[in-house]
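Source file: coords14.txt (compact mmCIF, C-alpha atoms)
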# COMPACT_ATOMS: atom_id res chain seq x y z
CA MET B 1 11.68 26.64 -19.35
CA SER B 2 13.42 24.00 -17.22
CA GLY B 3 15.03 20.79 -18.44
CA SER B 4 13.57 17.31 -18.23
CA GLY B 5 14.63 14.44 -15.99
CA LEU B 6 13.75 11.10 -14.42
CA VAL B 7 13.65 10.31 -10.70
CA LEU B 8 13.10 7.09 -8.77
CA ALA B 9 11.14 7.68 -5.54
CA VAL B 10 11.34 5.06 -2.79
CA GLY B 11 9.05 4.81 0.23
CA ASP B 12 9.66 2.98 3.49
CA VAL B 13 12.40 0.34 3.15
CA HIS B 14 13.11 -0.64 6.80
CA LEU B 15 16.53 -2.15 6.20
CA GLY B 16 17.60 -4.30 9.12
CA THR B 17 14.26 -6.06 9.51
CA ARG B 18 12.79 -9.17 7.96
CA CYS B 19 9.38 -9.72 6.45
CA SER B 20 7.11 -11.65 8.81
CA GLY B 21 4.84 -14.50 7.75
CA LEU B 22 7.56 -16.56 6.07
CA ALA B 23 8.52 -18.98 8.85
CA ASP B 24 6.05 -21.69 7.77
CA ILE B 25 7.24 -21.86 4.16
CA ALA B 26 10.97 -22.44 4.70
CA GLY B 27 10.71 -26.18 4.08
CA ALA B 28 8.28 -25.98 1.18
CA ALA B 29 10.31 -23.24 -0.52
CA SER B 30 13.67 -24.98 -0.09
CA GLY B 31 15.52 -25.02 -3.42
CA LEU B 32 12.80 -22.94 -5.10
CA VAL B 33 13.33 -19.47 -3.65
CA ASP B 34 16.06 -17.81 -1.58
CA LEU B 35 14.28 -16.47 1.50
CA ALA B 36 17.07 -13.90 1.96
CA GLU B 37 15.90 -12.26 -1.26
CA LEU B 38 12.40 -11.79 0.20
CA SER B 39 13.60 -8.94 2.38
CA PRO B 40 13.90 -5.15 2.36
CA ALA B 41 17.55 -5.57 1.28
CA GLY B 42 16.46 -7.75 -1.64
CA ALA B 43 13.78 -5.23 -2.60
CA LEU B 44 16.33 -2.39 -2.47
CA ARG B 45 18.67 -4.28 -4.80
CA ARG B 46 15.80 -4.61 -7.28
CA ALA B 47 15.03 -0.89 -7.02
CA VAL B 48 18.68 -0.02 -7.67
CA ASP B 49 18.70 -2.38 -10.68
CA LEU B 50 15.69 -0.48 -12.03
CA ALA B 51 17.33 2.90 -11.43
CA LEU B 52 20.42 1.78 -13.35
CA ALA B 53 18.42 0.20 -16.17
CA ARG B 54 16.24 3.29 -16.61
CA ARG B 55 19.19 5.67 -16.19
CA VAL B 56 17.44 7.88 -13.68
CA ASP B 57 19.02 11.13 -12.58
CA ALA B 58 18.31 10.77 -8.86
CA VAL B 59 16.90 8.37 -6.27
CA LEU B 60 14.83 9.89 -3.45
CA PHE B 61 14.14 8.09 -0.15
CA ALA B 62 11.12 9.27 1.88
CA GLY B 63 12.34 8.14 5.31
CA ASP B 64 12.41 4.95 7.39
CA VAL B 65 15.17 3.66 5.15
CA VAL B 66 16.49 1.87 8.24
CA GLU B 67 14.36 0.02 10.79
CA SER B 68 15.99 1.48 13.91
CA ALA B 69 19.24 2.66 15.47
CA ASN B 70 19.89 -0.89 16.65
CA ALA B 71 19.60 -2.14 13.06
CA ARG B 72 22.01 0.37 11.54
CA PHE B 73 24.94 -2.07 11.43
CA GLU B 74 22.85 -4.71 9.68
CA ALA B 75 21.57 -2.03 7.30
CA MET B 76 24.99 -0.51 6.64
CA LEU B 77 26.22 -3.05 4.07
CA PRO B 78 23.14 -3.19 1.77
CA LEU B 79 22.65 0.58 2.01
CA GLU B 80 26.29 1.40 1.30
CA GLU B 81 26.38 -1.08 -1.57
CA SER B 82 23.21 0.41 -3.08
CA VAL B 83 24.37 4.01 -2.70
CA ARG B 84 27.77 3.20 -4.18
CA ARG B 85 26.23 1.52 -7.24
CA LEU B 86 24.03 4.56 -7.83
CA LEU B 87 26.77 7.13 -7.32
CA ASP B 88 29.17 5.23 -9.56
CA ALA B 89 26.53 5.52 -12.31
CA GLY B 90 26.25 9.28 -11.76
CA ILE B 91 22.89 9.05 -9.96
CA GLU B 92 22.28 11.38 -7.02
CA VAL B 93 20.99 9.87 -3.78
CA ILE B 94 18.85 12.06 -1.51
CA ALA B 95 16.89 11.07 1.60
CA VAL B 96 14.97 12.43 4.56
CA ALA B 97 14.88 10.74 7.96
CA GLY B 98 11.66 9.29 9.36
CA ASN B 99 10.60 8.41 12.88
CA HIS B 100 12.23 4.96 12.71
CA ASP B 101 15.64 6.07 11.42
CA VAL B 102 15.90 9.48 13.09
CA GLU B 103 19.12 8.30 14.77
CA ALA B 104 20.39 5.71 12.31
CA LEU B 105 20.09 7.57 9.00
CA PRO B 106 22.14 10.68 9.94
CA ARG B 107 24.91 8.40 11.23
CA LEU B 108 24.90 6.32 8.06
CA ALA B 109 24.79 9.43 5.85
CA ARG B 110 27.95 10.68 7.51
CA LEU B 111 29.66 7.33 6.87
CA ILE B 112 28.60 6.94 3.23
CA ASP B 113 30.17 9.55 0.95
CA GLY B 114 27.72 11.07 -1.48
CA PHE B 115 24.58 10.09 0.46
CA ALA B 116 22.73 13.40 0.92
CA LEU B 117 20.39 13.76 3.90
CA LEU B 118 18.00 16.69 3.54
CA GLY B 119 16.65 18.68 6.46
CA GLU B 120 18.64 17.10 9.29
CA GLY B 121 17.58 18.39 12.69
CA GLY B 122 14.03 19.29 11.67
CA ARG B 123 14.75 22.13 9.25
CA TRP B 124 13.63 22.52 5.65
CA GLU B 125 16.34 22.22 3.03
CA ALA B 126 16.47 22.17 -0.78
CA ALA B 127 18.59 20.43 -3.41
CA THR B 128 18.58 21.00 -7.16
CA LEU B 129 18.37 18.05 -9.56
CA ALA B 130 20.01 18.28 -12.96
CA ARG B 131 20.50 16.25 -16.14
CA GLY B 132 23.53 16.93 -18.28
CA GLY B 133 24.25 20.02 -16.21
CA LYS B 134 20.79 21.48 -16.83
CA PRO B 135 18.55 21.81 -13.73
CA PHE B 136 15.11 20.21 -14.07
CA ALA B 137 13.63 20.18 -10.54
CA GLU B 138 14.16 21.20 -6.95
CA VAL B 139 13.66 18.76 -4.06
CA VAL B 140 12.68 20.23 -0.69
CA GLY B 141 12.84 17.96 2.35
CA TRP B 142 12.55 17.84 6.13
CA SER B 143 13.88 15.16 8.50
CA PHE B 144 12.64 14.05 11.90
CA PRO B 145 14.79 15.67 14.62
CA GLU B 146 13.55 13.15 17.21
CA ARG B 147 11.34 10.06 17.27
CA ALA B 148 8.20 11.90 18.34
CA VAL B 149 7.17 15.10 16.54
CA ARG B 150 3.70 16.30 17.52
CA ARG B 151 3.65 19.49 15.45
CA SER B 152 3.14 19.84 11.73
CA PRO B 153 6.42 20.52 9.90
CA MET B 154 4.33 22.07 7.13
CA ALA B 155 3.37 24.95 9.42
CA GLN B 156 7.04 25.96 9.57
CA LEU B 157 7.42 25.73 5.78
CA LEU B 158 4.30 27.82 5.12
CA GLU B 159 5.36 30.46 7.64
CA GLU B 160 8.94 30.61 6.37
CA PRO B 161 8.93 29.52 2.69
CA LEU B 162 12.26 28.67 1.11
CA PRO B 163 13.27 31.12 -1.64
CA ARG B 164 13.18 29.76 -5.18
CA PRO B 165 16.66 29.95 -6.76
CA GLN B 166 15.11 29.37 -10.19
CA PRO B 167 11.38 30.19 -10.28
CA GLU B 168 10.69 28.06 -13.36
CA LEU B 169 11.90 24.83 -11.72
CA PRO B 170 9.15 22.49 -10.49
CA ARG B 171 9.32 21.78 -6.79
CA ILE B 172 9.03 18.28 -5.29
CA GLY B 173 8.40 17.94 -1.57
CA LEU B 174 9.98 14.94 0.20
CA LEU B 175 8.57 14.27 3.65
CA HIS B 176 7.93 11.54 6.21
CA ALA B 177 4.69 12.44 7.97
CA ASP B 178 1.22 11.40 9.08
CA LEU B 179 -1.18 12.80 6.48
CA GLY B 180 -4.70 13.57 7.63
CA ALA B 181 -3.96 13.02 11.31
CA SER B 182 -5.53 15.44 13.76
CA GLY B 183 -2.73 14.77 16.22
CA GLY B 184 -0.23 12.12 17.16
CA SER B 185 3.52 11.71 17.41
CA TYR B 186 4.56 11.34 13.77
CA ALA B 187 4.54 14.82 12.26
CA PRO B 188 0.78 15.21 11.66
CA ILE B 189 0.02 17.20 8.51
CA ARG B 190 -3.09 18.15 6.54
CA GLN B 191 -3.74 17.91 2.82
CA ALA B 192 -4.64 21.60 2.81
CA GLU B 193 -1.12 22.41 4.00
CA LEU B 194 0.40 20.47 1.12
CA ASP B 195 -1.94 22.21 -1.34
CA ASP B 196 -1.17 25.66 0.10
CA SER B 197 2.55 25.15 -0.46
CA GLY B 198 2.03 25.34 -4.22
CA TYR B 199 4.54 22.54 -4.77
CA ASP B 200 4.23 20.44 -7.90
CA ALA B 201 4.30 17.12 -6.00
CA TRP B 202 4.57 15.74 -2.48
CA LEU B 203 6.25 12.36 -2.06
CA LEU B 204 5.45 11.01 1.40
CA GLY B 205 6.73 8.20 3.58
CA HIS B 206 5.30 6.64 6.75
CA ILE B 207 2.12 4.79 5.73
CA HIS B 208 2.98 1.59 3.89
CA LYS B 209 -0.04 1.50 1.59
CA PRO B 210 0.70 3.48 -1.59
CA SER B 211 -1.78 6.26 -2.27
CA ILE B 212 -0.02 8.90 -4.34
CA GLY B 213 -1.55 7.85 -7.65
CA GLN B 214 -5.16 7.64 -6.48
CA ALA B 215 -6.10 11.33 -6.28
CA ALA B 216 -4.55 12.14 -9.65
CA GLN B 217 -6.26 9.17 -11.32
CA ALA B 218 -9.64 10.02 -9.78
CA ALA B 219 -9.40 13.66 -10.83
CA ARG B 220 -8.31 12.77 -14.34
CA ALA B 221 -11.16 10.27 -14.71
CA LYS B 222 -13.71 12.83 -13.50
CA THR B 223 -12.53 15.99 -15.21
CA GLY B 224 -9.94 14.90 -17.76
CA VAL B 225 -7.43 17.14 -15.98
CA GLY B 226 -4.72 15.88 -13.65
CA VAL B 227 -3.89 17.31 -10.23
CA ARG B 228 -0.61 17.84 -8.46
CA PRO B 229 0.33 14.39 -7.15
CA SER B 230 0.65 14.04 -3.39
CA GLY B 231 0.44 11.00 -1.16
CA TYR B 232 2.26 7.97 0.13
CA LEU B 233 4.82 6.06 -1.90
CA GLY B 234 4.15 2.97 0.22
CA SER B 235 6.59 0.34 1.44
CA LEU B 236 9.18 -1.07 -0.94
CA VAL B 237 8.10 -4.63 -0.03
CA GLY B 238 5.20 -5.94 2.05
CA LEU B 239 6.72 -6.31 5.52
CA ASP B 240 3.92 -8.53 6.77
CA PRO B 241 0.79 -10.23 5.38
CA SER B 242 -1.37 -7.17 6.12
CA GLU B 243 0.47 -5.19 3.41
CA VAL B 244 -1.45 -6.65 0.50
CA GLY B 245 -1.20 -5.53 -3.09
CA PRO B 246 1.58 -4.15 -5.27
CA ARG B 247 4.68 -2.70 -3.66
CA GLY B 248 7.68 -1.02 -5.24
CA PRO B 249 9.23 2.34 -6.13
CA TRP B 250 7.80 5.10 -8.32
CA LEU B 251 9.29 6.58 -11.47
CA VAL B 252 8.75 10.35 -11.57
CA ARG B 253 9.15 11.90 -15.01
CA VAL B 254 9.69 15.66 -15.08
CA PHE B 255 8.93 17.21 -18.45
CA ALA B 256 10.53 20.37 -19.81
CA GLU B 257 7.32 22.36 -19.35
CA GLY B 258 7.32 21.43 -15.64
CA ARG B 259 4.66 18.70 -15.78
CA LEU B 260 5.19 15.59 -13.64
CA GLU B 261 4.07 12.05 -14.40
CA LEU B 262 4.24 9.14 -11.94
CA GLU B 263 4.47 5.41 -12.61
CA HIS B 264 4.33 2.72 -9.92
CA VAL B 265 6.72 -0.18 -10.59
CA PRO B 266 5.58 -3.25 -8.57
CA LEU B 267 8.92 -5.01 -8.40
CA ALA B 268 8.83 -6.22 -4.76
CA PRO B 269 10.30 -9.75 -4.53
CA LEU B 270 7.54 -10.71 -2.07
CA ARG B 271 3.88 -9.88 -2.55
CA TRP B 272 0.93 -10.49 -0.25
CA ASP B 273 -2.59 -10.73 -1.64
CA SER B 274 -6.09 -11.75 -0.60
CA LEU B 275 -7.97 -14.33 -2.65
CA ASP B 276 -11.60 -15.48 -2.48
CA VAL B 277 -12.06 -19.19 -3.22
CA SER B 278 -15.57 -20.60 -3.53
CA VAL B 279 -16.30 -24.12 -2.24
CA GLN B 280 -19.61 -24.13 -4.08
CA GLY B 281 -20.27 -27.37 -5.94
CA LEU B 282 -17.32 -29.36 -4.59
CA ALA B 283 -17.99 -33.11 -4.39
CA ASP B 284 -15.86 -33.57 -1.27
CA ALA B 285 -13.90 -31.59 1.32
CA ASP B 286 -10.72 -33.14 -0.11
CA ASP B 287 -11.31 -31.09 -3.27
CA VAL B 288 -10.70 -27.79 -1.44
CA PRO B 289 -6.87 -27.85 -1.79
CA ASP B 290 -7.15 -28.53 -5.53
CA ARG B 291 -9.48 -25.59 -6.02
CA MET B 292 -7.27 -23.32 -3.91
CA LEU B 293 -4.21 -24.27 -5.95
CA HIS B 294 -6.09 -23.72 -9.22
CA GLU B 295 -7.27 -20.25 -8.16
CA ALA B 296 -3.80 -19.39 -6.84
CA GLN B 297 -2.24 -20.43 -10.12
CA GLN B 298 -4.67 -18.26 -12.09
CA HIS B 299 -3.93 -15.29 -9.82
CA ALA B 300 -0.15 -15.72 -10.13
CA ARG B 301 -0.34 -15.93 -13.91
CA ALA B 302 -2.51 -12.82 -14.08
CA LEU B 303 0.17 -10.92 -12.13
CA ALA B 304 2.85 -12.25 -14.46
CA ALA B 305 0.83 -11.16 -17.51
CA ALA B 306 0.66 -7.66 -16.02
CA GLY B 307 4.44 -7.62 -15.55
CA ALA B 308 4.25 -7.87 -11.76
CA ALA B 309 5.38 -11.44 -11.02
CA PRO B 310 7.10 -11.61 -7.59
CA LEU B 311 9.61 -14.22 -6.50
CA ALA B 312 7.10 -15.30 -3.86
CA LEU B 313 3.37 -14.71 -3.57
CA GLY B 314 1.73 -15.16 -0.17
CA LEU B 315 -2.05 -15.55 -0.24
CA ARG B 316 -4.66 -15.04 2.46
CA VAL B 317 -7.60 -17.13 1.28
CA ARG B 318 -11.23 -16.50 2.16
CA LEU B 319 -13.25 -19.68 1.67
CA VAL B 320 -16.74 -18.60 0.63
CA GLY B 321 -19.95 -20.18 -0.56
CA THR B 322 -21.96 -23.04 0.93
CA SER B 323 -21.04 -26.69 1.26
CA GLU B 324 -22.55 -29.75 2.89
CA PHE B 325 -18.98 -30.58 3.93
CA GLY B 326 -18.57 -27.42 6.00
CA ASP B 327 -17.53 -29.22 9.20
CA ALA B 328 -14.91 -31.30 7.37
CA ILE B 329 -13.55 -28.17 5.69
CA ARG B 330 -13.28 -26.38 9.02
CA ASP B 331 -11.47 -29.35 10.55
CA TRP B 332 -9.04 -29.30 7.63
CA ILE B 333 -8.39 -25.59 8.14
CA LYS B 334 -7.76 -26.14 11.84
CA ALA B 335 -5.34 -29.03 11.20
CA GLY B 336 -3.08 -26.68 9.22
CA ASP B 337 -2.11 -29.12 6.47
CA TRP B 338 -2.67 -26.33 3.94
CA LYS B 339 0.63 -24.74 5.02
CA SER B 340 2.49 -27.30 2.90
CA LEU B 341 0.59 -26.50 -0.31
CA GLY B 342 3.24 -24.16 -1.71
CA ARG B 343 4.13 -24.66 -5.36
CA GLN B 344 6.09 -23.00 -8.15
CA VAL B 345 3.97 -21.22 -10.75
CA ASP B 346 6.24 -20.10 -13.58
CA ASP B 347 8.58 -17.55 -11.95
CA SER B 348 6.70 -17.24 -8.63
CA PHE B 349 6.62 -19.48 -5.58
CA VAL B 350 3.01 -19.40 -4.36
CA PHE B 351 2.09 -20.25 -0.79
CA PHE B 352 -0.81 -19.80 1.60
CA ASN B 353 -0.36 -17.61 4.64
CA ARG B 354 -3.81 -17.91 6.19
CA ILE B 355 -7.21 -19.39 5.45
CA LEU B 356 -10.33 -17.64 6.69
CA ASP B 357 -13.55 -19.58 7.16
CA GLU B 358 -16.26 -17.40 5.67
CA LEU B 359 -18.49 -20.24 4.54
CA ALA B 360 -22.14 -19.31 4.40
CA PRO B 361 -24.70 -21.39 6.32
CA PRO B 362 -26.81 -23.78 4.23
CA GLN B 363 -29.77 -21.41 4.60
CA PRO B 364 -29.80 -17.62 4.37
CA LEU B 365 -29.16 -15.90 7.71
CA GLU B 366 -32.53 -14.20 7.41
CA THR B 367 -34.24 -17.61 7.36
CA ILE B 368 -32.23 -18.97 10.30
CA ALA B 369 -32.94 -15.79 12.27
CA CYS B 370 -36.70 -16.48 12.26
CA GLY B 371 -37.30 -17.86 15.74
CA ASN B 372 -36.00 -17.62 19.28
CA ASP B 373 -33.78 -20.69 19.61
CA PRO B 374 -30.00 -20.17 20.17
CA ALA B 375 -29.17 -20.51 16.46
CA ALA B 376 -31.82 -17.95 15.53
CA LEU B 377 -30.60 -15.49 18.16
CA LEU B 378 -27.02 -15.86 16.98
CA ALA B 379 -28.11 -15.37 13.35
CA GLN B 380 -29.89 -12.18 14.38
CA SER B 381 -26.67 -10.89 15.96
CA LEU B 382 -24.67 -11.75 12.86
CA LEU B 383 -27.14 -9.85 10.70
CA SER B 384 -26.79 -6.83 12.98
CA LEU B 385 -23.02 -7.00 12.70
CA GLN B 386 -23.28 -7.13 8.91
CA ARG B 387 -25.71 -4.19 8.80
CA ARG B 388 -23.74 -2.16 11.38
CA ASP B 389 -27.01 -1.13 13.01
CA SER B 390 -27.71 0.01 16.59
CA GLU B 391 -27.57 -3.56 17.95
CA CYS B 392 -24.16 -3.91 16.29
CA ALA B 393 -22.93 -0.96 18.37
CA GLU B 394 -24.25 -2.64 21.53
CA LEU B 395 -22.56 -5.94 20.65
CA LEU B 396 -19.25 -4.18 20.06
CA ALA B 397 -19.50 -2.28 23.33
CA ALA B 398 -20.21 -5.49 25.25
CA ALA B 399 -17.32 -7.32 23.59
CA ARG B 400 -14.97 -4.41 24.28
CA GLU B 401 -15.89 -4.44 27.97
CA ARG B 402 -15.36 -8.20 28.23
CA LEU B 403 -12.00 -8.17 26.42
CA ALA B 404 -10.49 -4.92 27.71
CA ALA B 405 -8.56 -6.45 30.61
CA THR B 406 -7.04 -9.16 28.40
CA ALA B 407 -6.09 -6.76 25.60
CA ARG B 408 -4.28 -4.43 28.02
CA GLU B 409 -2.15 -7.10 29.69
CA GLU B 410 1.59 -6.44 29.84
CA PHE B 411 2.15 -9.58 27.74
CA TRP B 412 0.88 -7.73 24.64
CA ARG B 413 3.05 -4.60 25.04
CA ALA B 414 5.58 -5.73 22.41
CA ALA B 415 2.78 -6.22 19.90
CA ASP B 416 1.39 -2.78 20.72
CA GLU B 417 4.74 -1.22 19.83
CA HIS B 418 5.01 -2.97 16.47
CA ARG B 419 5.10 -0.70 13.39
CA HIS B 420 1.69 -1.98 12.30
CA ALA B 421 0.10 -2.06 15.72
CA THR B 422 -3.64 -1.46 15.63
CA ASP B 423 -6.12 -1.26 18.44
CA PRO B 424 -7.58 -4.77 18.89
CA LEU B 425 -10.61 -3.19 20.54
CA ALA B 426 -11.38 -0.85 17.65
CA ASP B 427 -14.81 -1.29 16.06
CA ASP B 428 -13.60 -2.88 12.81
CA ALA B 429 -11.27 -5.34 14.55
CA LEU B 430 -13.93 -6.39 17.04
CA ARG B 431 -16.57 -6.70 14.34
CA ASP B 432 -14.37 -8.94 12.20
CA MET B 433 -13.56 -11.14 15.18
CA LEU B 434 -17.22 -11.47 16.20
CA LEU B 435 -18.29 -12.27 12.65
CA GLU B 436 -15.63 -14.96 12.23
CA SER B 437 -16.27 -16.64 15.57
CA GLY B 438 -20.03 -16.21 15.22
CA ARG B 439 -20.15 -17.89 11.81
CA ALA B 440 -18.15 -20.85 13.12
CA ALA B 441 -20.38 -21.18 16.20
CA LEU B 442 -23.53 -20.98 14.08
CA ALA B 443 -22.27 -23.72 11.78
CA ARG B 444 -21.73 -26.00 14.79
CA MET B 445 -25.15 -25.17 16.21
CA LEU B 446 -26.88 -25.97 12.93
CA ALA B 447 -24.94 -29.22 12.55
CA ASN B 448 -25.89 -30.32 16.06
CA ARG B 449 -29.51 -29.31 15.53
CA ASP B 450 -29.74 -31.23 12.26
CA SER B 451 -28.21 -34.34 13.82
CA ARG B 452 -30.89 -34.34 16.54
CA GLU B 453 -33.78 -33.97 14.14
CA PRO B 454 -35.58 -37.25 13.27
CA SER B 455 -34.84 -38.54 9.79
I'd like the structure from this file rewritten - as structure tokens, please.
Amino acid sequence: MSGSGLVLAVGDVHLGTRCSGLADIAGAASGLVDLAELSPAGALRRAVDLALARRVDAVLFAGDVVESANARFEAMLPLEESVRRLLDAGIEVIAVAGNHDVEALPRLARLIDGFALLGEGGRWEAATLARGGKPFAEVVGWSFPERAVRRSPMAQLLEEPLPRPQPELPRIGLLHADLGASGGSYAPIRQAELDDSGYDAWLLGHIHKPSIGQAAQAARAKTGVGVRPSGYLGSLVGLDPSEVGPRGPWLVRVFAEGRLELEHVPLAPLRWDSLDVSVQGLADADDVPDRMLHEAQQHARALAAAGAAPLALGLRVRLVGTSEFGDAIRDWIKAGDWKSLGRQVDDSFVFFNRILDELAPPQPLETIACGNDPAALLAQSLLSLQRRDSECAELLAAARERLAATAREEFWRAADEHRHATDPLADDALRDMLLESGRAALARMLANRDSREPS
């Protein structure tokens, strides 16, 4: 029987970059929150604090610790400081390199004594973890040898398995890869390959949305029996407003009988969330900010009650429901005055990153769609988009053809190369755009039609 131990697993950190979406709050947050703390470096400091407080035996990094080779000098100080704090406390530090830090991380590992990089050059390598001199787990890792890797590194591991120095030790795989991809440039792997390895857990980096706890929770809820955890650790902090939900490291407990238990610790200093706010029943458009602030306050306090209060909470609000003041509300959204609505709620500074107009028309779409006037025809198209029927496919194809030349202009190349770049002409992106613009156009049509009708 092996020993027991505690590990802190960290997903993508991207030291050397800054979280986007914060430019508009600098003035409102002045004196309330230090924007420098809302960064990957600030999130890493919090993770190290946790590792020290919980007295973990090792900290594992699943790649993309550093944003790029160009950012290695900016990343050097916070990374060296973090590694030194951990090593001074007797905590091992082990990492694999991802596609972003394939050049930077090996250089930094050579400069920082005690920082162990597993699998440099695209080979599989193992390290044994111990507590009080007694081994409790083996970590097996692989690092990107170059920025683009189009083969599965798991194929190599399955063909040439590493020998087990102590058969009773649980094995933890540490890998930066693209799970479920049929191809691509970022080490595409399949779940079946992870399962076939027989490892007790796979801790993955690359995708910033955490997923490692979902399969185990679903299996336990269905059968009462857990499964070997495998999936993404997620980013350490939301790097832009699209990374909604909890972010932070994972505590991995290894029990003497070899069982593993994972706990997500949402300690990111910055959190992004989506929030639905109904305008139903408001007496005036001027009441919208008050309702938004009330709902935001309730949301922030719910997070605090769950032990997940961030320093700053950025909200993307969807205004829903119906209102006779729809035009005034839309004008208010367009004016952008809501950007100054930030406020302190207990320990969190709450601000609004974006407001989406998803107000419903005064009548059901099905009612408006009865007829052949422009408003009715537009309502019919919106219904098709909502149902995702055959006409929806035709609308998306037409929109894609009209927008293709614009989307492929050289001007957008930098955006295409961003870490979160998505295809703006993909079905879901086009559908969302058509729904948003279509709802706004329909509201204007109905307002103009009503103003022309005799009283």
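The shortest atom-to-atom distance to Asp195 of chain B, with only C-alpha atoms taken into account, belongs to B:Val227 out of B:Glu436, B:Val227, B:Leu315, B:Asn448.
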Sorted per-residue table, segment 228-338 of chain B near segment 356-361 of chain B, closest atoms and distance, 12 Å, only C-alpha atoms, as a Markdown table:
| residue | atom | partner | partner_atom | distance |
| --- | --- | --- | --- | --- |
| B:Ser274 | CA | B:Leu356 | CA | 10.3 |
| B:Leu275 | CA | B:Leu356 | CA | 10.2 |
| B:Asp276 | CA | B:Leu356 | CA | 9.5 |
| B:Val277 | CA | B:Glu358 | CA | 10.0 |
| B:Ser278 | CA | B:Leu359 | CA | 8.6 |
| B:Val279 | CA | B:Leu359 | CA | 8.1 |
| B:Gln280 | CA | B:Leu359 | CA | 9.5 |
| B:Leu315 | CA | B:Leu356 | CA | 11.0 |
| B:Arg316 | CA | B:Leu356 | CA | 7.5 |
| B:Val317 | CA | B:Leu356 | CA | 6.1 |
| B:Arg318 | CA | B:Leu356 | CA | 4.8 |
| B:Leu319 | CA | B:Asp357 | CA | 5.5 |
| B:Val320 | CA | B:Leu359 | CA | 4.6 |
| B:Gly321 | CA | B:Leu359 | CA | 5.3 |
| B:Thr322 | CA | B:Ala360 | CA | 5.1 |
| B:Ser323 | CA | B:Leu359 | CA | 7.7 |
| B:Glu324 | CA | B:Pro361 | CA | 9.3 |
| B:Phe325 | CA | B:Leu359 | CA | 10.4 |
| B:Gly326 | CA | B:Leu359 | CA | 7.3 |
| B:Asp327 | CA | B:Leu359 | CA | 10.2 |
| B:Ala328 | CA | B:Asp357 | CA | 11.8 |
| B:Ile329 | CA | B:Asp357 | CA | 8.7 |
| B:Arg330 | CA | B:Asp357 | CA | 7.1 |
| B:Asp331 | CA | B:Asp357 | CA | 10.5 |
| B:Trp332 | CA | B:Asp357 | CA | 10.7 |
| B:Ile333 | CA | B:Asp357 | CA | 8.0 |
| B:Lys334 | CA | B:Asp357 | CA | 9.9 |
| B:Gly336 | CA | B:Leu356 | CA | 11.9 |
| B:Trp338 | CA | B:Leu356 | CA | 11.9 |
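In terms of minimum interatomic distance to Arg45 of chain B, B:Leu79 ranks closest within B:Ala28, B:Leu79, B:Leu174, B:Ala148, counting only C-alpha atoms.
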Top pick for closest residue to Gly98 of chain B, considering B:Gly184, B:Gly141, B:Pro424, B:Gly114 and counting all atoms listed in the file: B:Gly141
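Minimum atom-to-atom distance to Arg18 of chain B, evaluated using only C-alpha atoms, belongs to B:Val237 out of B:Leu111, B:Leu311, B:Val237, B:Leu32.
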Test item: axis-aligned box, all listed atoms of segment 257-271 of chain B, 8 Å on each side, centre and edges in Å rounded to one decimal, as lines of an AutoDock Vina configuration file:
center_x = 7.1
center_y = 5.8
center_z = -10.7
size_x = 22.4
size_y = 49.1
size_z = 33.3
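Residues lying within 10 Å of Ser20 of chain B, counting all atoms listed in the file and ignoring same-chain neighbours fewer than 4 positions away, are Ser39, Gly238, Leu239, Asp240, Pro241 and Ser242 of chain B.
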Restrict the selected residues to C-alpha atoms and save them as a PDB file, in the frame of the given file.
ATOM      1  CA  SER B  39      13.600  -8.940   2.380  1.00  0.00           C
ATOM      2  CA  GLY B 238       5.200  -5.940   2.050  1.00  0.00           C
ATOM      3  CA  LEU B 239       6.720  -6.310   5.520  1.00  0.00           C
ATOM      4  CA  ASP B 240       3.920  -8.530   6.770  1.00  0.00           C
ATOM      5  CA  PRO B 241       0.790 -10.230   5.380  1.00  0.00           C
ATOM      6  CA  SER B 242      -1.370  -7.170   6.120  1.00  0.00           C
TER       7      SER B 242
END
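In this comparison, which uses only C-alpha atoms, the residue of B:Ala62, B:Ser182, B:Gly132, B:Asp286 approaching Gly234 of chain B most closely is B:Ala62.
With all atoms listed in the file taken into account, the protein and nucleic acid residues at most 7 Å from Arg190 of chain B (excluding it and anything under 4 positions from it in its own chain) are B:Leu179, B:Gly180, B:Leu194.
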Skip segment 375-378 of chain B itself and residues of its chain fewer than 2 positions away, then list as a PyMOL selection string all residues within 12 Å of it, counting only C-alpha atoms. chain B and resi 361+363-373+380-385+395+434-435+437-450
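Around the coordinate (16.6, -7.1, 11.8), residues that reach within 12 Å when counting all atoms listed in the file are His14, Leu15, Gly16, Thr17, Arg18, Cys19, Ser20, Ala36, Ser39, Pro40, Ala41, Val66, Glu67, Ser68, Ala69, Asn70, Ala71, Arg72, Phe73, Glu74, Ala75, Met76 and Leu239 of chain B.
Look at Ile189 of chain B: the protein and nucleic acid residues within 9 Å of it, using all atoms listed in the file and passing over chain neighbours fewer than 2 places away, are Arg151, Ser152, Pro153, Met154, Ala155, Ala177, Asp178, Leu179, Gly180, Ala181, Ser182, Gly183, Ala187, Gln191, Ala192, Glu193 and Leu194 of chain B.
Here atom CA of Val33 of chain B and atom CA of Ala312 of chain B stand 7.5 Å from one another.
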